[in-house]
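upload02.cif (mmCIF, C-alpha atoms) appears below.
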data_work
loop_
_atom_site.label_atom_id
_atom_site.label_comp_id
_atom_site.auth_asym_id
_atom_site.auth_seq_id
_atom_site.Cartn_x
_atom_site.Cartn_y
_atom_site.Cartn_z
CA MET A 1417 0.00 0.00 0.00
CA LYS A 1418 1.36 3.43 -0.96
CA LYS A 1419 2.18 5.64 2.03
CA ILE A 1420 1.63 9.39 2.15
CA ILE A 1421 2.55 11.82 4.93
CA VAL A 1422 0.17 14.71 5.58
CA THR A 1423 1.73 17.39 7.77
CA GLY A 1424 -0.79 19.49 9.69
CA GLY A 1425 -3.27 16.66 9.25
CA SER A 1426 -5.29 17.48 12.37
CA GLY A 1427 -6.18 20.91 11.03
CA PHE A 1428 -9.01 21.94 8.73
CA ILE A 1429 -7.85 21.12 5.21
CA GLY A 1430 -5.46 18.44 6.48
CA SER A 1431 -8.16 16.36 8.19
CA ASN A 1432 -10.44 16.58 5.16
CA LEU A 1433 -7.52 15.59 2.93
CA ILE A 1434 -6.73 12.56 5.12
CA GLU A 1435 -10.34 11.38 4.85
CA PHE A 1436 -10.19 11.74 1.06
CA LEU A 1437 -6.81 9.93 0.76
CA LEU A 1438 -8.02 7.06 2.95
CA SER A 1439 -11.02 6.67 0.65
CA LYS A 1440 -8.54 6.33 -2.23
CA LYS A 1441 -6.78 3.45 -0.41
CA TYR A 1442 -3.59 5.25 0.62
CA PHE A 1443 -1.88 4.60 3.94
CA VAL A 1444 -1.79 8.04 5.60
CA ILE A 1445 0.63 9.23 8.28
CA ASN A 1446 -0.58 12.36 10.03
CA VAL A 1447 2.32 14.51 11.29
CA ASP A 1448 0.99 17.30 13.51
CA LYS A 1449 2.46 19.19 16.46
CA SER A 1450 -1.08 19.59 17.88
CA SER A 1451 -1.09 23.34 18.42
CA TYR A 1452 -4.20 25.51 19.02
CA SER A 1453 -5.63 25.05 15.50
CA ALA A 1454 -5.20 21.26 15.47
CA ASN A 1455 -8.33 19.59 16.78
CA PRO A 1456 -8.21 15.92 17.89
CA TYR A 1457 -11.95 15.77 17.10
CA ASN A 1458 -11.11 16.28 13.41
CA VAL A 1459 -9.26 12.94 13.21
CA LYS A 1460 -11.14 10.95 15.86
CA LYS A 1461 -12.92 8.82 13.25
CA PHE A 1462 -9.62 7.68 11.71
CA LYS A 1463 -8.13 6.21 14.90
CA LYS A 1464 -9.46 2.70 14.29
CA ASN A 1465 -8.52 2.75 10.61
CA ARG A 1466 -5.55 0.43 10.16
CA ASN A 1467 -4.37 2.56 7.23
CA TYR A 1468 -3.96 5.63 9.46
CA LEU A 1469 -1.13 6.58 11.79
CA PHE A 1470 -0.76 9.70 13.94
CA CYS A 1471 2.64 11.14 14.91
CA LYS A 1472 2.76 14.13 17.24
CA LEU A 1473 5.72 15.94 15.73
CA ASP A 1474 6.81 19.45 14.73
CA ILE A 1475 8.25 19.66 11.19
CA ASN A 1476 11.06 21.77 12.66
CA ARG A 1477 12.35 18.58 14.35
CA ARG A 1478 14.54 17.65 11.41
CA LYS A 1479 16.13 14.49 12.84
CA LYS A 1480 12.74 13.13 13.91
CA ILE A 1481 11.26 13.85 10.47
CA LEU A 1482 14.23 12.10 8.83
CA SER A 1483 13.71 9.06 11.07
CA LEU A 1484 10.05 8.98 10.05
CA LEU A 1485 10.98 9.09 6.37
CA LYS A 1486 13.50 6.26 6.80
CA LYS A 1487 10.99 4.11 8.66
CA HIS A 1488 7.99 4.52 6.33
CA LYS A 1489 9.55 5.50 2.97
CA PRO A 1490 6.47 7.40 1.75
CA ILE A 1491 5.86 8.14 -1.92
CA GLY A 1492 4.97 11.70 -1.03
CA ILE A 1493 4.27 14.46 1.47
CA PHE A 1494 1.38 16.91 1.47
CA ASN A 1495 2.61 19.86 3.52
CA LEU A 1496 -0.23 21.67 5.29
CA ALA A 1497 1.63 22.37 8.54
CA ALA A 1498 1.34 26.13 8.98
CA GLU A 1499 0.12 29.01 11.08
CA THR A 1500 -2.77 30.39 9.03
CA HIS A 1501 -4.76 33.14 10.70
CA VAL A 1502 -3.94 36.65 9.40
CA ASP A 1503 -5.01 38.47 12.57
CA ARG A 1504 -2.75 36.26 14.70
CA SER A 1505 0.17 36.97 12.34
CA ILE A 1506 -0.33 40.70 12.86
CA ASP A 1507 -0.29 40.22 16.65
CA ASN A 1508 2.70 37.85 16.68
CA PRO A 1509 4.64 37.39 13.39
CA ARG A 1510 7.42 35.30 14.98
CA ASN A 1511 5.34 32.10 15.21
CA PHE A 1512 4.50 32.39 11.50
CA ILE A 1513 8.14 32.78 10.49
CA THR A 1514 9.08 29.77 12.65
CA SER A 1515 6.37 27.44 11.37
CA ASN A 1516 5.85 28.60 7.80
CA ILE A 1517 9.44 29.34 6.73
CA PHE A 1518 11.80 27.49 9.07
CA GLY A 1519 9.41 24.54 9.12
CA VAL A 1520 9.52 24.29 5.34
CA TYR A 1521 13.32 24.68 5.38
CA ASN A 1522 13.69 21.80 7.83
CA LEU A 1523 11.27 19.66 5.83
CA MET A 1524 13.32 20.31 2.66
CA GLU A 1525 16.54 19.41 4.45
CA SER A 1526 15.01 16.21 5.83
CA ILE A 1527 13.97 15.16 2.32
CA ARG A 1528 17.45 16.01 0.97
CA ASP A 1529 19.12 13.91 3.67
CA PHE A 1530 16.78 11.00 3.02
CA GLN A 1531 17.28 11.07 -0.75
CA ARG A 1532 21.09 11.26 -0.47
CA LYS A 1533 21.17 8.15 1.70
CA ASN A 1534 18.33 6.10 0.21
CA LYS A 1535 18.44 6.87 -3.53
CA LYS A 1536 14.65 7.19 -3.44
CA LYS A 1537 12.77 10.38 -4.31
CA ILE A 1538 9.90 11.75 -2.28
CA LYS A 1539 7.41 14.02 -4.01
CA LEU A 1540 6.31 17.05 -1.95
CA LEU A 1541 3.13 19.02 -2.56
CA HIS A 1542 3.24 22.24 -0.58
CA VAL A 1543 -0.15 23.84 0.08
CA SER A 1544 0.16 27.61 -0.06
CA THR A 1545 -2.50 30.32 -0.44
CA ASP A 1546 -3.96 32.86 -2.87
CA GLU A 1547 -2.89 35.58 -0.43
CA VAL A 1548 0.71 35.46 -1.71
CA TYR A 1549 -0.46 37.45 -4.77
CA GLY A 1550 -1.70 40.28 -2.54
CA ASP A 1551 -4.45 42.78 -3.31
CA ILE A 1552 -5.83 42.17 -6.82
CA ALA A 1553 -7.06 45.08 -8.93
CA LYS A 1554 -10.59 45.24 -10.33
CA ASN A 1555 -11.29 42.97 -13.35
CA ILE A 1556 -7.98 41.09 -12.87
CA SER A 1557 -7.33 37.52 -11.69
CA ALA A 1558 -3.89 36.24 -10.67
CA ASN A 1559 -2.46 33.35 -12.68
CA GLU A 1560 0.60 31.33 -11.67
CA SER A 1561 2.98 33.86 -13.30
CA PHE A 1562 1.56 36.78 -11.32
CA ASN A 1563 4.07 38.64 -9.13
CA TYR A 1564 3.96 37.88 -5.42
CA ASN A 1565 2.92 40.90 -3.38
CA PRO A 1566 2.00 39.73 0.17
CA SER A 1567 0.43 42.20 2.59
CA SER A 1568 0.46 40.50 6.00
CA PRO A 1569 3.11 38.60 7.99
CA TYR A 1570 1.06 35.46 7.27
CA SER A 1571 1.02 35.86 3.49
CA ALA A 1572 4.67 37.00 3.51
CA SER A 1573 5.67 33.82 5.38
CA LYS A 1574 3.76 31.68 2.86
CA ALA A 1575 5.31 33.58 -0.06
CA GLY A 1576 8.76 33.05 1.47
CA ALA A 1577 8.09 29.32 1.82
CA ASP A 1578 6.94 29.10 -1.81
CA GLN A 1579 10.13 30.75 -3.03
CA LEU A 1580 12.28 28.54 -0.84
CA ILE A 1581 10.60 25.43 -2.25
CA LYS A 1582 11.14 26.64 -5.82
CA ALA A 1583 14.81 27.26 -5.04
CA TYR A 1584 15.27 23.77 -3.57
CA THR A 1585 13.59 22.25 -6.62
CA ARG A 1586 15.96 24.01 -9.00
CA THR A 1587 19.15 23.85 -6.94
CA TYR A 1588 18.90 20.37 -5.42
CA GLY A 1589 16.57 18.62 -7.86
CA LEU A 1590 13.84 17.91 -5.30
CA SER A 1591 10.46 16.78 -6.62
CA ASN A 1592 8.34 19.66 -5.37
CA LEU A 1593 4.99 21.11 -6.42
CA ILE A 1594 3.00 24.04 -5.01
CA ALA A 1595 -0.77 24.53 -4.78
CA ASN A 1596 -2.31 27.97 -4.23
CA PRO A 1597 -5.98 27.48 -3.25
CA CYS A 1598 -8.47 30.29 -2.68
CA ASN A 1599 -10.38 30.62 0.61
CA ASN A 1600 -11.55 27.21 1.84
CA TYR A 1601 -14.63 26.48 3.94
CA GLY A 1602 -16.42 23.36 5.17
CA PRO A 1603 -16.33 20.83 8.04
CA ASN A 1604 -13.63 20.93 10.75
CA GLN A 1605 -12.61 24.57 10.23
CA PHE A 1606 -11.15 26.38 13.25
CA PRO A 1607 -13.92 28.57 14.75
CA GLU A 1608 -12.02 31.86 14.55
CA LYS A 1609 -12.15 31.70 10.74
CA PHE A 1610 -14.75 33.82 8.96
CA ILE A 1611 -17.52 31.38 7.97
CA PRO A 1612 -17.54 29.19 11.11
CA LYS A 1613 -17.35 32.32 13.27
CA MET A 1614 -20.46 33.73 11.60
CA ILE A 1615 -22.30 30.40 11.97
CA PHE A 1616 -21.26 30.06 15.62
CA ASN A 1617 -22.38 33.61 16.42
CA ILE A 1618 -25.74 33.06 14.70
CA LEU A 1619 -26.30 29.89 16.74
CA ASN A 1620 -25.33 31.67 19.97
CA ASN A 1621 -27.13 35.02 19.57
CA ARG A 1622 -23.96 37.07 19.11
CA PRO A 1623 -23.13 40.02 16.81
CA LEU A 1624 -21.65 39.34 13.36
CA PRO A 1625 -18.46 41.47 13.16
CA LEU A 1626 -17.36 42.68 9.72
CA TYR A 1627 -14.18 44.62 9.04
CA GLY A 1628 -14.68 48.06 7.48
CA LEU A 1629 -17.90 48.11 5.48
CA GLY A 1630 -17.79 44.41 4.59
CA LYS A 1631 -16.91 45.12 0.96
CA ASN A 1632 -13.69 43.06 0.88
CA ILE A 1633 -14.01 40.36 -1.78
CA ARG A 1634 -12.82 36.76 -1.45
CA GLU A 1635 -12.95 33.72 -3.72
CA TRP A 1636 -14.39 30.63 -2.01
CA ILE A 1637 -14.08 26.88 -2.49
CA TYR A 1638 -15.59 23.95 -0.57
CA VAL A 1639 -12.79 21.93 1.04
CA GLU A 1640 -13.78 18.64 -0.65
CA ASP A 1641 -13.14 20.21 -4.06
CA THR A 1642 -9.74 21.42 -2.86
CA CYS A 1643 -8.77 17.93 -1.69
CA LYS A 1644 -9.60 16.50 -5.11
CA GLY A 1645 -7.53 19.22 -6.73
CA LEU A 1646 -4.57 18.54 -4.45
CA LEU A 1647 -4.49 14.84 -5.36
CA LYS A 1648 -4.73 15.74 -9.07
CA ILE A 1649 -1.71 18.04 -8.72
CA PHE A 1650 0.22 15.43 -6.73
CA LEU A 1651 -0.41 12.67 -9.29
CA ARG A 1652 -0.31 14.61 -12.55
CA GLY A 1653 1.27 18.01 -11.90
CA LYS A 1654 4.61 18.97 -13.44
CA ILE A 1655 7.49 19.02 -10.95
CA GLY A 1656 8.66 22.53 -10.10
CA GLU A 1657 5.39 24.24 -10.99
CA ASN A 1658 2.58 25.73 -8.97
CA TYR A 1659 -1.16 25.45 -9.59
CA ASN A 1660 -3.96 27.77 -8.51
CA ILE A 1661 -7.11 26.08 -7.19
CA GLY A 1662 -10.09 28.39 -7.52
CA THR A 1663 -13.76 28.45 -8.43
CA GLY A 1664 -14.22 31.94 -9.83
CA THR A 1665 -16.87 32.48 -7.12
CA LYS A 1666 -16.01 35.92 -5.72
CA ILE A 1667 -18.24 37.37 -3.01
CA SER A 1668 -18.05 40.37 -0.70
CA ASN A 1669 -17.96 39.58 3.01
CA ILE A 1670 -21.27 41.31 3.67
CA LYS A 1671 -23.02 39.36 0.91
CA LEU A 1672 -21.60 36.11 2.28
CA VAL A 1673 -22.93 36.85 5.78
CA LYS A 1674 -26.37 37.57 4.34
CA MET A 1675 -26.27 34.23 2.50
CA ILE A 1676 -25.45 32.44 5.78
CA LEU A 1677 -28.30 34.27 7.56
CA THR A 1678 -30.70 33.15 4.80
CA ILE A 1679 -29.60 29.53 5.25
CA ALA A 1680 -30.10 29.84 9.03
CA LYS A 1681 -33.67 30.99 8.45
CA GLU A 1682 -34.27 28.14 5.98
CA LYS A 1683 -33.07 25.74 8.70
CA GLU A 1684 -35.56 27.41 11.08
CA VAL A 1685 -32.78 28.57 13.40
CA CYS A 1686 -33.98 31.23 15.81
CA ILE A 1687 -32.13 34.48 15.02
CA GLY A 1688 -31.62 36.31 18.31
CA LYS A 1689 -31.91 40.05 18.85
CA LYS A 1690 -28.13 40.42 19.27
CA THR A 1691 -27.38 38.65 15.98
CA LYS A 1692 -26.90 41.64 13.73
CA ILE A 1693 -24.12 42.71 11.36
CA GLN A 1694 -21.69 44.88 13.28
CA PHE A 1695 -19.04 46.90 11.44
CA VAL A 1696 -15.70 47.03 13.25
CA ILE A 1697 -12.42 48.87 12.67
CA ASP A 1698 -10.59 47.38 9.70
CA ARG A 1699 -7.37 45.44 10.33
CA PRO A 1700 -4.03 46.91 9.14
CA GLY A 1701 -3.11 46.20 5.52
CA HIS A 1702 -6.42 44.47 4.78
CA ASP A 1703 -6.49 43.36 1.12
CA LYS A 1704 -9.61 44.44 -0.73
CA LYS A 1705 -9.79 41.53 -3.17
CA TYR A 1706 -8.34 38.09 -3.89
CA ALA A 1707 -9.03 36.47 -7.25
CA LEU A 1708 -7.42 33.50 -9.00
CA ASN A 1709 -7.10 32.47 -12.62
CA SER A 1710 -7.31 28.67 -12.37
CA ASN A 1711 -7.26 27.81 -16.07
CA LYS A 1712 -4.00 25.86 -15.69
CA ILE A 1713 -5.38 23.15 -13.38
CA LYS A 1714 -8.65 23.04 -15.32
CA LYS A 1715 -7.09 22.65 -18.75
CA LYS A 1716 -3.92 20.69 -18.03
CA LEU A 1717 -5.10 18.46 -15.18
CA LYS A 1718 -8.81 18.29 -16.07
CA TRP A 1719 -9.97 19.42 -12.63
CA LYS A 1720 -13.01 21.54 -11.86
CA HIS A 1721 -14.95 22.26 -8.71
CA LYS A 1722 -18.26 20.44 -8.21
CA ILE A 1723 -19.89 22.11 -5.19
CA SER A 1724 -21.54 25.53 -5.58
CA ILE A 1725 -21.19 28.18 -2.89
CA LYS A 1726 -24.90 27.85 -2.01
CA ASN A 1727 -24.77 24.07 -1.57
CA GLY A 1728 -21.40 24.24 0.16
CA LEU A 1729 -22.63 26.76 2.71
CA LYS A 1730 -25.70 24.59 3.39
CA LYS A 1731 -23.51 21.52 3.96
CA THR A 1732 -21.21 23.55 6.21
CA PHE A 1733 -24.07 25.01 8.25
CA GLU A 1734 -25.56 21.54 8.73
CA TRP A 1735 -22.19 20.18 9.90
CA TYR A 1736 -21.84 22.88 12.55
CA LEU A 1737 -25.41 22.29 13.71
CA LYS A 1738 -24.53 18.61 14.30
CA ASN A 1739 -21.05 19.20 15.71
#

How does this structure look as structure tokens?
Amino acid sequence: MKKIIVTGGSGFIGSNLIEFLLSKKYFVINVDKSSYSANPYNVKKFKKNRNYLFCKLDINRRKKILSLLKKHKPIGIFNLAAETHVDRSIDNPRNFITSNIFGVYNLMESIRDFQRKNKKKIKLLHVSTDEVYGDIAKNISANESFNYNPSSPYSASKAGADQLIKAYTRTYGLSNLIANPCNNYGPNQFPEKFIPKMIFNILNNRPLPLYGLGKNIREWIYVEDTCKGLLKIFLRGKIGENYNIGTGTKISNIKLVKMILTIAKEKEVCIGKKTKIQFVIDRPGHDKKYALNSNKIKKKLKWKHKISIKNGLKKTFEWYLKN
């Protein structure tokens, strides 16, 4: 059975990816340091699966990672180990540099050491973000050749990791690929993120805080579609290249909140008196718009998203109601 390591597998996208890979009959090793955003609940259902193994481990522990590679000899690594929340990066950039840049460096060095001694290549798919492209002008979408222009310590750390991975691919001949998905949503997402926070506040009669006037635009994708795209890139992508994963569904934050409120009413959820949109002071350096051109993955790898924003939000709302 082919073995795959998923770093950050107890997080949001990671846990959904593990479920998808297990359904495709891979043996999955979850490497996670179990920080605040890693939820044991996300991977509880995999514990009895004999094709699943959990290793509590920080990717900065290079010798431990190397030992893991020697023991299991995986065909590949999906790297999702990262600090991800923009607001937290503004409050404390150091953690983001440590995890997102030094972590990737140590992962690269572990793979290099393994390949020198074992004459066996390991393919790495690094999961980045659309935020590396920065604020996108009106009527423009960023393709894979678009200049990086990160605005926050988070996006700068992800951009730095992307460039480091490209350098290691070219200099050392490592088999690396990069995916740049747009904003993900769905089951298992950490509750401080935008969509689960809005759902949680609706269910608990709390205000719905929106930065500025809520006009910031984001592109959204249901996490299941992302997982399918990641496996496509891993199996069929060209080494050394990066692939955007987007839907073209771009929505302002205020419109998205109104869509969630409509779904809550359809589900006959009682909307409390305190549950109203509340505009709050905008965060520093807040990008107005993210937008991806995803023609490359659609045309070259024959991938396309299946779940519409309306159906995806309904599925997400239902999951939070049950969980």

* **Nearby residues (only C-alpha atoms) at most 12 Å from range 1662-1664 of chain A, same-chain spacing under 3 positions excluded, as a count of residues only** => 43

* To do: Within 8 Å of range 1424-1435 of chain A, counting all atoms listed in the file, which residues show up once you throw out same-chain ones fewer than 2 positions away? Write them as a VMD selection string, please.
  => chain A and resid 1422 1437 to 1439 1444 1446 to 1450 1453 to 1456 1458 to 1459 1462 1495 to 1498 1600 1603 to 1606 1639 to 1640 1643

Would you save the residues from that selection as a PDB file, in the frame of the given file, using C-alpha atoms?
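Output (result-v6.pdb):
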ATOM      1  CA  VAL A1422       0.170  14.710   5.580  1.00  0.00           C
ATOM      2  CA  LEU A1437      -6.810   9.930   0.760  1.00  0.00           C
ATOM      3  CA  LEU A1438      -8.020   7.060   2.950  1.00  0.00           C
ATOM      4  CA  SER A1439     -11.020   6.670   0.650  1.00  0.00           C
ATOM      5  CA  VAL A1444      -1.790   8.040   5.600  1.00  0.00           C
ATOM      6  CA  ASN A1446      -0.580  12.360  10.030  1.00  0.00           C
ATOM      7  CA  VAL A1447       2.320  14.510  11.290  1.00  0.00           C
ATOM      8  CA  ASP A1448       0.990  17.300  13.510  1.00  0.00           C
ATOM      9  CA  LYS A1449       2.460  19.190  16.460  1.00  0.00           C
ATOM     10  CA  SER A1450      -1.080  19.590  17.880  1.00  0.00           C
ATOM     11  CA  SER A1453      -5.630  25.050  15.500  1.00  0.00           C
ATOM     12  CA  ALA A1454      -5.200  21.260  15.470  1.00  0.00           C
ATOM     13  CA  ASN A1455      -8.330  19.590  16.780  1.00  0.00           C
ATOM     14  CA  PRO A1456      -8.210  15.920  17.890  1.00  0.00           C
ATOM     15  CA  ASN A1458     -11.110  16.280  13.410  1.00  0.00           C
ATOM     16  CA  VAL A1459      -9.260  12.940  13.210  1.00  0.00           C
ATOM     17  CA  PHE A1462      -9.620   7.680  11.710  1.00  0.00           C
ATOM     18  CA  ASN A1495       2.610  19.860   3.520  1.00  0.00           C
ATOM     19  CA  LEU A1496      -0.230  21.670   5.290  1.00  0.00           C
ATOM     20  CA  ALA A1497       1.630  22.370   8.540  1.00  0.00           C
ATOM     21  CA  ALA A1498       1.340  26.130   8.980  1.00  0.00           C
ATOM     22  CA  ASN A1600     -11.550  27.210   1.840  1.00  0.00           C
ATOM     23  CA  PRO A1603     -16.330  20.830   8.040  1.00  0.00           C
ATOM     24  CA  ASN A1604     -13.630  20.930  10.750  1.00  0.00           C
ATOM     25  CA  GLN A1605     -12.610  24.570  10.230  1.00  0.00           C
ATOM     26  CA  PHE A1606     -11.150  26.380  13.250  1.00  0.00           C
ATOM     27  CA  VAL A1639     -12.790  21.930   1.040  1.00  0.00           C
ATOM     28  CA  GLU A1640     -13.780  18.640  -0.650  1.00  0.00           C
ATOM     29  CA  CYS A1643      -8.770  17.930  -1.690  1.00  0.00           C
TER      30      CYS A1643
END

* Could you give me, as a list of chain:residue names, the residues within 8 Å of range 1615-1620 of chain A, counting all atoms listed in the file and dropping anything in the same chain fewer than 2 positions from it? =>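 Near neighbours after the sequence-gap exclusion: A:Pro1607, A:Ile1611, A:Pro1612, A:Lys1613, A:Arg1622, A:Pro1623, A:Leu1624, A:Ile1676, A:Leu1677, A:Ala1680, A:Val1685, A:Cys1686, A:Ile1687, A:Gly1688, A:Thr1691, A:Phe1733, A:Tyr1736.
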
* Asked: So how many Å separate CA of Lys1441 in chain A and CA of Lys1419 in chain A, to one decimal?
  ->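 Atom-to-atom, CA of Lys1441 in chain A to CA of Lys1419 in chain A, that is 9.5 Å.
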
* Asked: So how many Å separate CA of Ile1421 in chain A and CA of Leu1717 in chain A, to one decimal?
  ->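 For CA of Ile1421 in chain A relative to CA of Leu1717 in chain A, the distance reads 22.5 Å.
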
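Between CA of Asp1578 in chain A and CA of Ile1594 in chain A lies a distance of 7.2 Å.
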
Per-axis box centre and lengths in Å around range 1625-1638 of chain A, 5 Å margin per side, axis-aligned, as AutoDock Vina command-line options:
--center_x -15.6 --center_y 36.0 --center_z 4.7 --size_x 15.6 --size_y 34.2 --size_z 26.9

Per-residue nearest contacts of range 1588-1688 of chain A to range 1519-1528 of chain A (12 Å; only C-alpha atoms) as a Markdown table:
| residue | atom | partner | partner_atom | distance |
| --- | --- | --- | --- | --- |
| A:Tyr1588 | CA | A:Arg1528 | CA | 7.9 |
| A:Gly1589 | CA | A:Arg1528 | CA | 9.2 |
| A:Leu1590 | CA | A:Arg1528 | CA | 7.5 |
| A:Ser1591 | CA | A:Ile1527 | CA | 9.7 |
| A:Asn1592 | CA | A:Met1524 | CA | 9.5 |

Save out the residues we just selected, C-alpha atoms, as a compact mmCIF listing (two decimals), keeping the file's coordinate frame.
# COMPACT_ATOMS: atom_id res chain seq x y z
CA TYR A 1588 18.90 20.37 -5.42
CA GLY A 1589 16.57 18.62 -7.86
CA LEU A 1590 13.84 17.91 -5.30
CA SER A 1591 10.46 16.78 -6.62
CA ASN A 1592 8.34 19.66 -5.37

* Dig up all the protein and nucleic acid residues within 10 Å of (11.7, 7.5, 2.9) in the file frame, using all atoms listed in the file, and format them as a ChimeraX atom specification. => /A:1419,1481-1492,1526-1527,1529-1531,1533-1538

Written file, previous selection with C-alpha atoms, as a JSON list (two decimals), keeping the file's coordinate frame:
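So the final result, stored in selection38.json, reads:
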[["chain", "number", "residue", "atom", "x", "y", "z"],
["A", 1419, "LYS", "CA", 2.18, 5.64, 2.03],
["A", 1481, "ILE", "CA", 11.26, 13.85, 10.47],
["A", 1482, "LEU", "CA", 14.23, 12.10, 8.83],
["A", 1483, "SER", "CA", 13.71, 9.06, 11.07],
["A", 1484, "LEU", "CA", 10.05, 8.98, 10.05],
["A", 1485, "LEU", "CA", 10.98, 9.09, 6.37],
["A", 1486, "LYS", "CA", 13.50, 6.26, 6.80],
["A", 1487, "LYS", "CA", 10.99, 4.11, 8.66],
["A", 1488, "HIS", "CA", 7.99, 4.52, 6.33],
["A", 1489, "LYS", "CA", 9.55, 5.50, 2.97],
["A", 1490, "PRO", "CA", 6.47, 7.40, 1.75],
["A", 1491, "ILE", "CA", 5.86, 8.14, -1.92],
["A", 1492, "GLY", "CA", 4.97, 11.70, -1.03],
["A", 1526, "SER", "CA", 15.01, 16.21, 5.83],
["A", 1527, "ILE", "CA", 13.97, 15.16, 2.32],
["A", 1529, "ASP", "CA", 19.12, 13.91, 3.67],
["A", 1530, "PHE", "CA", 16.78, 11.00, 3.02],
["A", 1531, "GLN", "CA", 17.28, 11.07, -0.75],
["A", 1533, "LYS", "CA", 21.17, 8.15, 1.70],
["A", 1534, "ASN", "CA", 18.33, 6.10, 0.21],
["A", 1535, "LYS", "CA", 18.44, 6.87, -3.53],
["A", 1536, "LYS", "CA", 14.65, 7.19, -3.44],
["A", 1537, "LYS", "CA", 12.77, 10.38, -4.31],
["A", 1538, "ILE", "CA", 9.90, 11.75, -2.28]]

Which neighbours of Pro1700 in chain A fall inside 12 Å, counting all atoms listed in the file, when residues of the same chain fewer than 6 positions from it are skipped, and could you give them as a PDB file with C-alpha atoms, keeping the file's coordinate frame?
ATOM      1  CA  VAL A1502      -3.940  36.650   9.400  1.00  0.00           C
ATOM      2  CA  ASP A1503      -5.010  38.470  12.570  1.00  0.00           C
ATOM      3  CA  SER A1505       0.170  36.970  12.340  1.00  0.00           C
ATOM      4  CA  ILE A1506      -0.330  40.700  12.860  1.00  0.00           C
ATOM      5  CA  ASP A1507      -0.290  40.220  16.650  1.00  0.00           C
ATOM      6  CA  SER A1567       0.430  42.200   2.590  1.00  0.00           C
ATOM      7  CA  SER A1568       0.460  40.500   6.000  1.00  0.00           C
ATOM      8  CA  PRO A1569       3.110  38.600   7.990  1.00  0.00           C
ATOM      9  CA  TYR A1627     -14.180  44.620   9.040  1.00  0.00           C
ATOM     10  CA  GLY A1628     -14.680  48.060   7.480  1.00  0.00           C
TER      11      GLY A1628
END

* To do: Extract, using only C-alpha atoms, all DNA, RNA and protein residues at most 7 Å from Gly1550 in chain A, discarding same-chain residues fewer than 3 positions from it, and format them as a ChimeraX atom specification.
  => /A:1547,1564-1567,1703

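Compared by their closest atoms to His1501 in chain A, and using all atoms listed in the file, the residues A:Arg1586, A:Lys1716, A:Lys1738, A:Lys1609 rank with A:Lys1609 nearest.
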
* Kindly resolve the PyMOL selection byres ((chain A and resi 1697) around 10) on the present coordinates and return the residues as a VMD selection string. => chain A and resid 1625 to 1629 1695 to 1696 1698 to 1700

* Structure fact -> Using all atoms listed in the file, the best pick from A:Leu1541, A:Leu1647, A:Leu1580, A:Met1614 as closest to Gln1694 in chain A would be A:Met1614
